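Q: So I've got this file, work-v9.txt, and it contains compact mmCIF, C-alpha atoms:
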```txt
# COMPACT_ATOMS: atom_id res chain seq x y z
CA MET A 1 21.33 28.04 -0.08
CA SER A 2 18.02 26.17 0.21
CA LYS A 3 18.06 22.54 1.15
CA ILE A 4 17.04 20.33 -1.79
CA VAL A 5 15.21 17.07 -1.08
CA ASP A 6 15.08 14.68 -4.03
CA ALA A 7 11.93 12.59 -3.67
CA ARG A 8 11.74 11.56 -7.32
CA GLY A 9 10.94 7.91 -7.89
CA LEU A 10 9.78 7.39 -4.33
CA SER A 11 6.27 6.15 -3.79
CA CYS A 12 3.62 7.36 -1.40
CA PRO A 13 4.07 8.41 1.45
CA GLN A 14 7.89 8.73 1.24
CA PRO A 15 7.96 12.18 -0.44
CA VAL A 16 5.65 13.56 2.27
CA LEU A 17 7.67 11.97 5.06
CA LEU A 18 10.94 13.38 3.68
CA ALA A 19 9.43 16.84 3.25
CA LEU A 20 7.95 16.73 6.72
CA ASN A 21 11.24 15.67 8.32
CA GLU A 22 12.99 18.58 6.64
CA THR A 23 10.36 21.15 7.68
CA LYS A 24 10.67 19.94 11.26
CA LYS A 25 14.46 20.26 11.12
CA ILE A 26 14.61 23.88 9.98
CA ASN A 27 11.23 25.18 11.21
CA LYS A 28 11.35 28.18 8.85
CA GLY A 29 13.07 29.26 5.69
CA GLU A 30 13.03 27.62 2.28
CA ILE A 31 13.12 23.96 1.21
CA ILE A 32 13.02 22.63 -2.32
CA ILE A 33 11.38 19.25 -2.90
CA LEU A 34 11.77 17.46 -6.21
CA VAL A 35 8.94 15.08 -7.09
CA ASP A 36 8.08 13.17 -10.26
CA THR A 37 4.34 12.50 -10.03
CA ASP A 38 1.26 14.69 -9.72
CA THR A 39 0.17 12.61 -6.73
CA SER A 40 3.37 13.41 -4.83
CA LYS A 41 3.05 17.07 -5.81
CA GLU A 42 -0.48 17.22 -4.39
CA ASN A 43 0.34 15.23 -1.25
CA VAL A 44 3.45 17.23 -0.34
CA SER A 45 1.66 20.53 -1.06
CA ARG A 46 -1.37 19.57 1.00
CA LEU A 47 0.65 18.59 4.05
CA ALA A 48 3.06 21.52 3.82
CA GLN A 49 0.17 23.99 3.64
CA GLN A 50 -1.51 22.23 6.55
CA SER A 51 1.59 22.94 8.65
CA GLY A 52 1.78 26.59 7.63
CA TRP A 53 4.25 26.52 4.74
CA SER A 54 3.54 28.28 1.46
CA VAL A 55 4.11 26.14 -1.61
CA GLY A 56 5.27 27.31 -5.02
CA VAL A 57 5.08 24.79 -7.86
CA GLU A 58 7.46 24.92 -10.81
CA ARG A 59 7.64 22.49 -13.71
CA ALA A 60 11.00 20.79 -13.80
CA GLN A 61 12.74 18.08 -15.74
CA GLU A 62 11.00 14.80 -14.92
CA GLY A 63 8.32 16.30 -12.70
CA TYR A 64 7.98 19.26 -10.38
CA ARG A 65 10.09 21.47 -8.17
CA LEU A 66 8.15 22.45 -5.06
CA VAL A 67 9.40 25.49 -3.19
CA LEU A 68 8.28 25.45 0.45
CA ARG A 69 8.59 28.72 2.36
CA LYS A 70 7.86 29.82 5.90
CA ASP A 71 8.95 33.10 7.51
CA MET B 1 -9.79 20.54 -17.71
CA THR B 2 -7.79 22.29 -14.98
CA THR B 3 -10.94 22.90 -12.95
CA ILE B 4 -11.79 19.20 -13.04
CA LYS B 5 -8.18 18.39 -12.20
CA ASN B 6 -8.25 20.65 -9.16
CA PHE B 7 -11.69 19.55 -8.03
CA PHE B 8 -10.68 15.94 -7.50
CA ALA B 9 -7.70 16.97 -5.38
CA THR B 10 -10.08 18.75 -2.98
CA ARG B 11 -11.94 17.37 0.00
CA TRP B 12 -15.25 17.43 -1.89
CA GLY B 13 -13.57 15.74 -4.82
CA ILE B 14 -12.48 12.71 -2.80
CA ILE B 15 -15.83 12.61 -0.96
CA SER B 16 -17.72 12.59 -4.25
CA VAL B 17 -15.62 9.68 -5.53
CA GLY B 18 -16.22 7.70 -2.31
CA ALA B 19 -19.93 8.48 -2.64
CA PHE B 20 -19.93 7.38 -6.29
CA ILE B 21 -18.52 3.99 -5.29
CA GLY B 22 -20.97 3.91 -2.37
CA VAL B 23 -23.90 4.31 -4.77
CA PHE B 24 -22.81 1.90 -7.48
CA ALA B 25 -21.42 -0.97 -5.39
CA PRO B 26 -24.81 -1.76 -3.77
CA LEU B 27 -26.49 -1.20 -7.14
CA LEU B 28 -24.14 -3.75 -8.74
CA GLN B 29 -25.40 -6.19 -6.11
CA ARG B 30 -28.96 -5.38 -7.10
CA TRP B 31 -27.99 -5.97 -10.74
CA GLY B 32 -26.43 -9.35 -10.07
CA ASN B 33 -23.15 -9.20 -8.14
CA PRO B 34 -22.93 -11.26 -4.90
CA ALA B 35 -24.36 -9.85 -1.67
CA ASN B 36 -22.17 -7.33 0.18
CA MET B 37 -19.75 -7.77 -2.73
CA GLY B 38 -20.83 -5.10 -5.20
CA ILE B 39 -17.14 -4.46 -5.62
CA CYS B 40 -14.35 -6.34 -3.90
CA VAL B 41 -10.93 -6.02 -5.46
CA ALA B 42 -9.51 -9.06 -3.66
CA CYS B 43 -12.55 -11.28 -4.33
CA PHE B 44 -12.78 -10.19 -7.94
CA GLU B 45 -9.08 -10.78 -8.63
CA ARG B 46 -9.57 -14.18 -6.97
CA ASP B 47 -12.48 -14.83 -9.36
CA ILE B 48 -10.22 -13.83 -12.26
CA ALA B 49 -7.60 -16.32 -11.03
CA GLY B 50 -10.40 -18.91 -11.04
CA ALA B 51 -11.58 -17.98 -14.53
CA LEU B 52 -8.02 -18.53 -15.75
CA GLY B 53 -7.75 -21.86 -13.96
CA LEU B 54 -4.99 -20.73 -11.58
CA HIS B 55 -7.14 -22.33 -8.90
CA ARG B 56 -10.05 -24.70 -9.36
CA ALA B 57 -12.44 -23.63 -6.62
CA ALA B 58 -15.61 -24.16 -8.66
CA VAL B 59 -17.68 -21.48 -6.93
CA VAL B 60 -15.32 -18.54 -7.57
CA GLN B 61 -14.53 -18.44 -11.28
CA TYR B 62 -15.46 -15.38 -13.30
CA MET B 63 -13.50 -12.83 -15.32
CA ARG B 64 -14.75 -9.75 -13.45
CA PRO B 65 -15.12 -6.78 -15.84
CA GLU B 66 -14.98 -4.30 -12.93
CA ILE B 67 -11.26 -5.03 -12.41
CA ILE B 68 -10.58 -4.65 -16.14
CA GLY B 69 -12.49 -1.35 -16.05
CA PHE B 70 -10.51 -0.06 -13.06
CA VAL B 71 -7.19 -0.40 -14.89
CA LEU B 72 -8.45 0.87 -18.24
CA GLY B 73 -10.42 3.75 -16.70
CA SER B 74 -7.31 4.87 -14.87
CA LEU B 75 -5.29 4.58 -18.09
CA ILE B 76 -7.80 6.81 -19.91
CA ALA B 77 -7.75 9.41 -17.12
CA ALA B 78 -3.96 9.36 -16.96
CA TYR B 79 -3.68 10.03 -20.69
CA ALA B 80 -6.49 12.61 -20.71
CA PHE B 81 -4.72 14.61 -18.00
CA LYS B 82 -1.17 13.93 -19.21
CA GLU B 83 -0.25 11.95 -16.12
CA PHE B 84 0.65 8.63 -17.71
CA ARG B 85 4.21 7.97 -16.67
CA SER B 86 5.83 4.65 -17.23
CA ARG B 87 7.97 3.72 -14.24
CA ALA B 88 9.27 0.56 -12.59
CA GLY B 89 12.14 -0.96 -10.68
CA SER B 90 11.28 -0.32 -7.04
CA ALA B 91 11.82 -3.81 -5.57
CA PRO B 92 9.34 -5.64 -7.84
CA VAL B 93 9.86 -9.07 -6.27
CA VAL B 94 9.05 -7.66 -2.83
CA ARG B 95 5.86 -6.17 -4.25
CA PHE B 96 4.95 -9.55 -5.75
CA VAL B 97 5.38 -11.30 -2.39
CA LEU B 98 3.45 -8.54 -0.58
CA GLY B 99 0.66 -8.85 -3.15
CA ALA B 100 0.45 -12.61 -2.67
CA PHE B 101 0.30 -12.37 1.13
CA ALA B 102 -2.10 -9.41 1.00
CA MET B 103 -4.45 -11.62 -1.00
CA ILE B 104 -4.03 -14.55 1.38
CA GLY B 105 -4.83 -12.30 4.37
CA ALA B 106 -7.82 -10.77 2.58
CA LEU B 107 -9.16 -14.23 1.71
CA VAL B 108 -8.89 -15.37 5.33
CA PHE B 109 -11.19 -12.43 6.19
CA LEU B 110 -13.07 -12.74 2.88
CA GLY B 111 -12.70 -9.26 1.45
CA CYS B 112 -10.48 -6.32 0.63
CA PRO B 113 -10.82 -3.00 2.53
CA TRP B 114 -13.53 -1.91 0.06
CA ARG B 115 -15.54 -5.01 0.82
CA ALA B 116 -14.91 -4.62 4.56
CA LEU B 117 -16.65 -1.23 4.29
CA LEU B 118 -19.39 -2.64 2.06
CA ARG B 119 -19.96 -5.58 4.43
CA LEU B 120 -20.32 -3.14 7.31
CA ALA B 121 -22.68 -1.01 5.22
CA GLY B 122 -24.75 -4.14 4.57
CA GLY B 123 -25.04 -4.91 8.29
CA ASP B 124 -22.35 -7.60 8.57
CA GLY B 125 -20.94 -7.15 12.10
CA ASN B 126 -18.00 -9.46 11.37
CA ALA B 127 -16.59 -6.67 9.21
CA ILE B 128 -15.86 -4.70 12.39
CA PHE B 129 -13.15 -7.23 13.32
CA GLY B 130 -11.77 -7.09 9.79
CA LEU B 131 -11.63 -3.29 9.86
CA LEU B 132 -9.96 -3.31 13.29
CA GLY B 133 -7.40 -5.76 11.91
CA LEU B 134 -6.87 -3.54 8.87
CA ILE B 135 -6.24 -0.53 11.11
CA GLY B 136 -3.87 -2.60 13.26
CA GLY B 137 -1.89 -3.86 10.26
CA ILE B 138 -1.60 -0.39 8.76
CA TRP B 139 -0.55 1.03 12.14
CA VAL B 140 2.32 -1.48 12.28
CA GLY B 141 3.18 -0.45 8.73
CA THR B 142 3.40 3.22 9.76
CA LEU B 143 5.92 2.27 12.47
CA PHE B 144 8.14 0.80 9.75
CA LEU B 145 7.62 3.89 7.57
CA LYS B 146 8.65 6.14 10.43
CA GLY B 147 11.69 3.93 10.98
CA GLY B 148 12.94 4.53 7.44
CA TYR B 149 11.38 1.58 5.62
CA ASN B 150 11.14 2.07 1.87
CA LEU B 151 11.40 -0.02 -1.26
CA GLY B 152 13.76 2.31 -3.09
CA ARG B 153 13.25 4.53 -6.10
CA SER B 154 11.49 3.57 -9.30
CA GLN B 155 12.96 4.64 -12.63
CA LYS B 156 11.33 6.16 -15.66
CA THR B 157 11.20 3.50 -18.34
CA HIS B 158 9.83 2.51 -21.77
CA THR B 159 6.19 3.50 -22.28
CA SER B 160 5.37 -0.11 -23.13
CA VAL B 161 6.29 -1.22 -19.58
CA GLY B 162 3.41 0.84 -18.22
CA TRP B 163 1.13 -0.52 -20.94
CA LEU B 164 1.67 -4.18 -20.09
CA LEU B 165 -0.98 -4.59 -17.37
CA PRO B 166 -3.59 -2.55 -19.29
CA LEU B 167 -2.85 -4.79 -22.30
CA VAL B 168 -3.26 -7.90 -20.15
CA MET B 169 -6.64 -6.50 -19.05
CA LEU B 170 -7.64 -5.85 -22.66
CA GLY B 171 -6.64 -9.44 -23.38
CA PHE B 172 -8.85 -10.66 -20.51
CA LEU B 173 -11.74 -8.64 -21.94
CA ALA B 174 -11.17 -10.13 -25.38
CA LEU B 175 -11.26 -13.63 -23.85
CA MET B 176 -14.68 -12.82 -22.34
CA PHE B 177 -16.02 -11.99 -25.79
CA ILE B 178 -14.35 -14.93 -27.52
CA PHE B 179 -15.37 -17.44 -24.84
CA PRO B 180 -18.65 -16.22 -23.30
CA LYS B 181 -20.45 -18.31 -20.70
CA VAL B 182 -22.36 -21.24 -22.11
CA GLU B 183 -25.47 -21.94 -20.06
CA GLY B 184 -24.97 -24.97 -17.81
CA GLN B 185 -21.27 -25.36 -18.75
CA ASP B 186 -18.40 -24.64 -16.36
CA LYS B 187 -15.90 -24.10 -19.16
CA SER B 188 -15.95 -22.09 -22.35
CA GLY B 189 -12.75 -22.31 -24.38
CA VAL B 190 -9.91 -21.39 -22.06
CA LEU B 191 -12.11 -19.71 -19.44
CA PHE B 192 -13.70 -21.33 -16.40
CA TYR B 193 -17.13 -20.24 -15.16
CA SER B 194 -19.00 -20.99 -11.93
CA LEU B 195 -22.37 -22.69 -12.05
CA LYS B 196 -23.15 -21.84 -8.43
CA GLY B 197 -21.76 -19.69 -5.62
CA PRO B 198 -20.47 -16.11 -5.79
CA GLY B 199 -18.70 -16.73 -9.12
CA SER B 200 -22.05 -17.44 -10.78
CA MET B 201 -23.47 -14.10 -9.62
CA TYR B 202 -22.66 -11.09 -11.73
CA ALA B 203 -24.16 -7.95 -13.17
CA PRO B 204 -24.40 -7.68 -16.99
CA LEU B 205 -20.94 -7.42 -18.56
CA PHE B 206 -21.37 -3.95 -20.03
CA VAL B 207 -22.83 -2.54 -16.82
CA SER B 208 -19.92 -3.91 -14.78
CA LEU B 209 -17.39 -2.73 -17.32
CA LEU B 210 -18.86 0.77 -17.59
CA ILE B 211 -19.03 1.25 -13.81
CA GLY B 212 -15.49 -0.13 -13.52
CA LEU B 213 -14.27 2.34 -16.14
CA CYS B 214 -15.95 5.27 -14.38
CA ILE B 215 -14.53 4.30 -10.99
CA GLY B 216 -11.07 3.76 -12.52
CA PHE B 217 -11.23 7.21 -14.13
CA LEU B 218 -12.44 8.98 -10.97
CA ALA B 219 -10.12 7.12 -8.62
CA GLN B 220 -7.09 7.95 -10.76
CA ARG B 221 -8.02 11.63 -10.60
CA SER B 222 -8.72 11.66 -6.86
CA ARG B 223 -6.03 9.11 -5.72
CA PHE B 224 -8.74 7.25 -3.77
CA CYS B 225 -7.07 4.75 -1.42
CA THR B 226 -8.56 3.00 1.59
CA MET B 227 -5.16 2.03 3.03
CA GLY B 228 -3.85 5.56 2.55
CA ALA B 229 -6.98 6.81 4.32
CA ILE B 230 -5.96 5.10 7.55
CA ARG B 231 -2.20 5.51 7.06
CA ASP B 232 -2.37 9.26 6.50
CA PHE B 233 -4.56 9.69 9.54
CA VAL B 234 -2.16 7.69 11.73
CA LEU B 235 0.99 9.32 10.32
CA PHE B 236 -0.10 12.91 9.72
CA ARG B 237 -3.53 13.24 11.37
CA GLN B 238 -4.72 14.04 7.88
CA THR B 239 -8.32 13.21 7.00
CA HIS B 240 -8.31 13.88 3.25
CA LEU B 241 -8.36 10.27 1.97
CA LEU B 242 -10.25 9.13 5.07
CA SER B 243 -13.19 11.34 4.16
CA GLY B 244 -13.46 9.46 0.84
CA ALA B 245 -13.49 6.05 2.54
CA ILE B 246 -16.07 7.22 5.09
CA ALA B 247 -18.23 8.64 2.28
CA LEU B 248 -18.13 5.23 0.60
CA ALA B 249 -19.35 3.44 3.74
CA VAL B 250 -22.03 6.01 4.66
CA VAL B 251 -23.48 6.29 1.16
CA ALA B 252 -23.41 2.50 0.66
CA PHE B 253 -25.27 2.12 3.97
CA ILE B 254 -27.98 4.57 2.84
CA VAL B 255 -28.31 2.94 -0.58
CA ASN B 256 -28.51 -0.51 1.07
CA LEU B 257 -31.33 0.78 3.30
CA ILE B 258 -33.21 2.12 0.27
CA LEU B 259 -32.71 -1.12 -1.68
CA GLY B 260 -33.64 -3.33 1.30
CA GLN B 261 -30.13 -4.81 1.34
CA PHE B 262 -29.31 -3.94 4.98
CA HIS B 263 -29.44 -7.02 7.22
CA PRO B 264 -27.71 -6.42 10.56
CA GLY B 265 -26.16 -9.35 12.44
CA PHE B 266 -23.17 -11.65 12.70
CA ALA B 267 -24.42 -15.12 11.82
CA LYS B 268 -25.21 -16.25 8.28
CA GLN B 269 -23.95 -13.11 6.59
CA PRO B 270 -23.30 -13.53 2.86
CA VAL B 271 -19.83 -14.84 1.92
CA ALA B 272 -18.57 -14.34 5.48
CA HIS B 273 -17.61 -16.38 8.54
CA THR B 274 -17.87 -15.60 12.24
CA MET B 275 -14.37 -16.50 13.46
CA SER B 276 -13.64 -13.03 14.83
CA LEU B 277 -9.99 -13.66 15.68
CA TRP B 278 -9.19 -14.65 12.10
CA ASN B 279 -11.36 -11.98 10.57
CA PHE B 280 -9.08 -9.69 12.55
CA GLY B 281 -5.85 -11.60 11.93
CA GLY B 282 -6.36 -11.96 8.19
CA MET B 283 -6.81 -8.22 7.83
CA VAL B 284 -3.80 -7.42 10.04
CA LEU B 285 -1.74 -9.29 7.45
CA ALA B 286 -3.51 -7.64 4.51
CA GLY B 287 -3.27 -4.16 6.07
CA LEU B 288 0.43 -4.53 6.80
CA ALA B 289 1.14 -5.81 3.29
CA PHE B 290 -0.84 -2.93 1.73
CA ALA B 291 0.98 -0.39 3.91
CA LEU B 292 4.40 -1.81 3.03
CA ALA B 293 3.46 -1.80 -0.67
CA GLY B 294 2.04 1.74 -0.55
CA GLY B 295 -1.57 1.19 -1.56
CA CYS B 296 -4.79 -0.76 -1.12
CA PRO B 297 -5.61 -3.28 -3.86
CA GLY B 298 -7.83 -0.77 -5.66
CA ARG B 299 -5.14 1.90 -5.61
CA GLN B 300 -2.60 -0.62 -6.97
CA LEU B 301 -4.90 -1.18 -9.98
CA PHE B 302 -5.26 2.58 -10.55
CA LEU B 303 -1.49 3.09 -10.24
CA ALA B 304 -0.90 0.24 -12.69
CA GLY B 305 -3.27 2.00 -15.10
CA GLU B 306 -1.23 5.21 -14.97
CA GLY B 307 2.01 3.41 -15.80
CA ASP B 308 3.35 2.13 -12.48
CA GLY B 309 4.96 -1.21 -13.35
CA ASP B 310 5.66 -1.98 -9.69
CA ALA B 311 1.97 -1.67 -8.81
CA ALA B 312 1.29 -4.01 -11.75
CA VAL B 313 3.61 -6.58 -10.15
CA PHE B 314 1.66 -6.24 -6.88
CA VAL B 315 -1.57 -6.92 -8.81
CA LEU B 316 -0.06 -10.02 -10.42
CA GLY B 317 1.13 -11.10 -6.96
CA MET B 318 -2.43 -10.82 -5.71
CA ILE B 319 -3.82 -12.91 -8.57
CA VAL B 320 -1.18 -15.60 -8.05
CA GLY B 321 -1.75 -15.36 -4.27
CA ALA B 322 -5.42 -16.17 -4.89
CA GLY B 323 -4.25 -19.30 -6.71
CA PHE B 324 -2.17 -20.31 -3.67
CA ALA B 325 -5.01 -19.43 -1.30
CA HIS B 326 -7.52 -21.75 -2.96
CA ASN B 327 -5.15 -24.52 -4.11
CA PHE B 328 -3.62 -24.98 -0.67
CA GLY B 329 -6.67 -24.54 1.58
CA LEU B 330 -5.68 -21.12 2.91
CA ALA B 331 -8.85 -19.24 1.96
CA SER B 332 -11.83 -19.13 4.28
CA SER B 333 -15.38 -20.12 3.40
CA PRO B 334 -18.69 -19.37 5.16
CA ASP B 335 -17.84 -22.42 7.35
CA GLY B 336 -14.73 -20.72 8.72
CA VAL B 337 -11.00 -20.52 8.02
CA GLY B 338 -9.38 -23.01 5.65
CA PRO B 339 -7.26 -25.89 7.04
CA TYR B 340 -3.99 -24.00 6.53
CA GLY B 341 -5.32 -20.44 6.73
CA VAL B 342 -3.99 -19.72 10.21
CA ALA B 343 -0.52 -21.04 9.37
CA ALA B 344 -0.50 -18.92 6.20
CA VAL B 345 -1.41 -15.76 8.13
CA ILE B 346 1.43 -16.37 10.61
CA ILE B 347 3.95 -17.04 7.83
CA GLY B 348 2.69 -13.96 6.00
CA LEU B 349 3.09 -11.77 9.08
CA LEU B 350 6.62 -13.07 9.66
CA THR B 351 7.46 -12.37 6.01
CA CYS B 352 6.09 -8.81 6.26
CA LEU B 353 8.08 -8.22 9.47
CA PHE B 354 11.22 -9.50 7.73
CA ILE B 355 10.58 -7.09 4.85
CA GLY B 356 9.79 -4.21 7.20
CA PHE B 357 12.82 -4.67 9.44
CA THR B 358 15.39 -5.34 6.73
CA MET B 359 14.42 -2.87 4.00
CA ARG B 360 15.44 0.44 5.46
CA LYS B 361 17.61 2.80 3.57
CA GLU B 362 18.54 6.42 3.84
CA VAL B 363 17.23 7.93 0.60
CA ALA B 364 17.57 11.68 1.11
```
Take the structure from the file and write it as structure tokens.
A:
Amino acid sequence: MSKIVDARGLSCPQPVLLALNETKKINKGEIIILVDTDTSKENVSRLAQQSGWSVGVERAQEGYRLVLRKD
Amino acid sequence: MTTIKNFFATRWGIISVGAFIGVFAPLLQRWGNPANMGICVACFERDIAGALGLHRAAVVQYMRPEIIGFVLGSLIAAYAFKEFRSRAGSAPVVRFVLGAFAMIGALVFLGCPWRALLRLAGGDGNAIFGLLGLIGGIWVGTLFLKGGYNLGRSQKTHTSVGWLLPLVMLGFLALMFIFPKVEGQDKSGVLFYSLKGPGSMYAPLFVSLLIGLCIGFLAQRSRFCTMGAIRDFVLFRQTHLLSGAIALAVVAFIVNLILGQFHPGFAKQPVAHTMSLWNFGGMVLAGLAFALAGGCPGRQLFLAGEGDGDAAVFVLGMIVGAGFAHNFGLASSPDGVGPYGVAAVIIGLLTCLFIGFTMRKEVA
């Protein structure tokens, strides 16, 4: 079961900080981040990719569902 | 459309937006805006407060079309790319207070982060102390962010909530047309105008408005933010936004050289004072307030344009803060800090620390 981080409604840079904390906790595997703005989607994706995670973007209710993966 | 959308999220996208501002800010000076103040979000919102009579400092009263353009340009971009999203409810009163103190800090230095860069690009050495203060204030802000500081979640809300600040800006624009400046008069209908000083210096209305609209559009697409530039570097060692801010300064410097607007030195710089400690201190306060509120004053205008009601409250806080700053002798002048400027900076810093220490919440 992937960990789901709900960052909807949080403003910059909270979604990135939450995502980063989670990636540091598990190091590899899959994390799902829920965001509600395009800015958060871009920021989380940019930082996740910078630290070696692949990012899949899916449209979801009220925003996006970002699937971060690292093997 | 998608290509454009992706381009502005790239490194070259943000650099091109910084460069665009770096070209047009010095040109706006050439076309009439005050020296080293082609664009200054804090100064221009302060001039708007003056035009509305919220303060009566006679030299800084003008309804700046650039600010109106920033909000409306962002609104247009947000609708064009289906990003307009009305949201509000993340501690609005805190954002108002942060906006007011951010303005007070900026007016002790005499400029927002954009103007700090433009002052540096024009040769004003005093800007170095302001920029160091800005970095210091934002650094303190990142410590709070790391410690769990946040203002809580916003909620999706009625579309009209997100429209309120853009509508206010449209109203301001209408007032400019209904009550245009009358030569030699300091008042036209409900609007105040300056007869001398920075408020009497401005580029033609349509030029200012058009450049404001373009910057608003581009900045909404690219998420240009001078506070975020420093914050993201400190927090994540990320240079994405920073490259945009650096592009602004470098290009403005080159354009100033070409236009003969580069005058290096510390003394007698335009709309500036040489009290280094308070150039620094004012911007520590402003930087901390921007960091706690999640955006520089420009970014708050762009967010307000794309439907963020909390950013709109920050903007209103800044405009009201400008009223306080000039009514109560907090703002600096070329002679130095105002009689109560130092006290206001200290109270502002204490208020920001109170907000930073007490507003922590586990949100995950």
Q: Using 7 Å as the limit and counting only C-alpha atoms, can you tabulate each residue of chain A that touches chain B, with its shortest atom-to-atom distance in Å and the two atoms involved, as JSON lines?
A:
```
{"residue": "A:Val5", "atom": "CA", "partner": "B:Ala364", "partner_atom": "CA", "distance": 6.3}
{"residue": "A:Asp6", "atom": "CA", "partner": "B:Ala364", "partner_atom": "CA", "distance": 6.5}
{"residue": "A:Gly9", "atom": "CA", "partner": "B:Arg153", "partner_atom": "CA", "distance": 4.5}
{"residue": "A:Leu10", "atom": "CA", "partner": "B:Arg153", "partner_atom": "CA", "distance": 4.8}
{"residue": "A:Ser11", "atom": "CA", "partner": "B:Gly294", "partner_atom": "CA", "distance": 6.9}
{"residue": "A:Cys12", "atom": "CA", "partner": "B:Gly294", "partner_atom": "CA", "distance": 5.9}
```
Q: If you keep C-alpha atoms, can you produce a file of those selected residues as a PDB file, in the coordinates of the input?
A:
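again-v4.pdb, written as the output of this step:
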```pdb
ATOM      1  CA  VAL A   5      15.210  17.070  -1.080  1.00  0.00           C
ATOM      2  CA  ASP A   6      15.080  14.680  -4.030  1.00  0.00           C
ATOM      3  CA  GLY A   9      10.940   7.910  -7.890  1.00  0.00           C
ATOM      4  CA  LEU A  10       9.780   7.390  -4.330  1.00  0.00           C
ATOM      5  CA  SER A  11       6.270   6.150  -3.790  1.00  0.00           C
ATOM      6  CA  CYS A  12       3.620   7.360  -1.400  1.00  0.00           C
TER       7      CYS A  12
END
```
Q: Ranking A:Gln50, A:Ser40, A:Gln14, A:Thr23 by minimum distance to Ser2 in chain A and counting only C-alpha atoms, which one comes first?
A: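 Of A:Gln50, A:Ser40, A:Gln14, A:Thr23, the one nearest Ser2 in chain A is A:Thr23, counting only C-alpha atoms.
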Q: Write out as number ranges by chain each polymer residue whose atoms come within 10 Å of Ile128 in chain B, counting only C-alpha atoms; drop sequence neighbours fewer than 6 positions from it.
A: B: 116-117, 119-120, 134, 276, 279-280
Q: Selection from above, C-alpha atoms, as a PDB file, in the coordinates of the input, can you write it?
A:
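The result, written out as out25.pdb:
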```pdb
ATOM      1  CA  ALA B 116     -14.910  -4.620   4.560  1.00  0.00           C
ATOM      2  CA  LEU B 117     -16.650  -1.230   4.290  1.00  0.00           C
ATOM      3  CA  ARG B 119     -19.960  -5.580   4.430  1.00  0.00           C
ATOM      4  CA  LEU B 120     -20.320  -3.140   7.310  1.00  0.00           C
ATOM      5  CA  LEU B 134      -6.870  -3.540   8.870  1.00  0.00           C
ATOM      6  CA  SER B 276     -13.640 -13.030  14.830  1.00  0.00           C
ATOM      7  CA  ASN B 279     -11.360 -11.980  10.570  1.00  0.00           C
ATOM      8  CA  PHE B 280      -9.080  -9.690  12.550  1.00  0.00           C
TER       9      PHE B 280
END
```
Q: Go through B:Leu259, B:Val23, B:Ala78, B:Ile104 and flag the residue nearest Phe328 in chain B, using only C-alpha atoms for the distances.
A: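 Result for the nearest residue to Phe328 in chain B: B:Ile104.
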Q: If we count only C-alpha atoms and set the cut-off at 12 Å, which residues sit around Leu47 in chain A, ignoring sequence neighbours fewer than 2 positions away in its own chain? Please answer as a PyMOL selection string.
A: (chain A and resi 13+15-21+23+40-45+49-55+68) or (chain B and resi 232-233+235-240)
Q: Residues at most 7 Å from Val57 in chain A, counting all atoms listed in the file, excluding those fewer than 6 positions away in the same chain, as an mmCIF file with C-alpha atoms, in the coordinates of the input?
A:
```cif
data_model
loop_
_atom_site.group_PDB
_atom_site.id
_atom_site.type_symbol
_atom_site.label_atom_id
_atom_site.label_comp_id
_atom_site.auth_asym_id
_atom_site.auth_seq_id
_atom_site.Cartn_x
_atom_site.Cartn_y
_atom_site.Cartn_z
ATOM 1 C CA TYR A 64 7.980 19.260 -10.380
ATOM 2 C CA ARG A 65 10.090 21.470 -8.170
ATOM 3 C CA LEU A 66 8.150 22.450 -5.060
ATOM 4 C CA VAL A 67 9.400 25.490 -3.190
#
```
Q: Which residue, B:Cys112, B:Ala325, B:Leu218, B:Val255, has the smallest gap to Arg56 in chain B when you use only C-alpha atoms?
A: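 Nearest candidate to Arg56 in chain B out of B:Cys112, B:Ala325, B:Leu218, B:Val255: B:Ala325.
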Q: As a list in words, please: the residues near Gly244 in chain B (cut-off 6 Å, all atoms listed in the file, same-chain neighbours under 6 positions excluded).
A: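 Skipping anything fewer than 6 positions along the chain leaves Ile14, Ile15 and Gly18 of chain B.
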Q: Would you compute an axis-aligned box for range 56-65 of chain A, covering every atom listed for it in the file with 3 Å of margin on each side, and report centre and edge lengths in Å to one decimal as AutoDock Vina command-line options?
A:
```
--center_x 8.9 --center_y 21.1 --center_z -10.4 --size_x 13.7 --size_y 18.5 --size_z 16.7
```
Q: How far is it from CA of Glu62 in chain A to CA of Glu30 in chain A, in Å with one decimal?
A: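 Here the two named atoms are 21.5 Å from each other.
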Q: So what do you get for CA of Ser208 in chain B versus CA of Glu66 in chain B, distance-wise?
A: 5.3 Å
Q: Taking only C-alpha atoms into account, name the residue in A:Ile31, A:Ile26, A:Ile4, A:Arg46 that is nearest to Arg69 in chain A.
A: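 Counting only C-alpha atoms, the residue closest to Arg69 in chain A is A:Ile31.
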Q: Counting all atoms listed in the file, find residues at most 6 Å from (4.4, 14.8, -14.2) (file frame) and give them as a compact mmCIF listing (two decimals) with C-alpha atoms, in the frame of the given file.
A:
```
# COMPACT_ATOMS: atom_id res chain seq x y z
CA ASP A 36 8.08 13.17 -10.26
CA THR A 37 4.34 12.50 -10.03
CA ASP A 38 1.26 14.69 -9.72
CA GLY A 63 8.32 16.30 -12.70
CA GLU B 83 -0.25 11.95 -16.12
```
Q: Need to verify the contact set: Ser200 in chain B, 10 Å, only C-alpha atoms, exclusion of same-chain residues closer than 6 positions in sequence. Can you return it as a short mmCIF file (atom, residue, chain, number, x, y, z; two decimals) with C-alpha atoms, keeping the file's coordinate frame?
A:
```cif
data_model
loop_
_atom_site.label_atom_id
_atom_site.label_comp_id
_atom_site.auth_asym_id
_atom_site.auth_seq_id
_atom_site.Cartn_x
_atom_site.Cartn_y
_atom_site.Cartn_z
CA GLY B 32 -26.43 -9.35 -10.07
CA ASN B 33 -23.15 -9.20 -8.14
CA PRO B 34 -22.93 -11.26 -4.90
CA ALA B 58 -15.61 -24.16 -8.66
CA VAL B 59 -17.68 -21.48 -6.93
CA VAL B 60 -15.32 -18.54 -7.57
CA GLN B 61 -14.53 -18.44 -11.28
CA TYR B 62 -15.46 -15.38 -13.30
CA ASP B 186 -18.40 -24.64 -16.36
CA TYR B 193 -17.13 -20.24 -15.16
CA SER B 194 -19.00 -20.99 -11.93
#
```
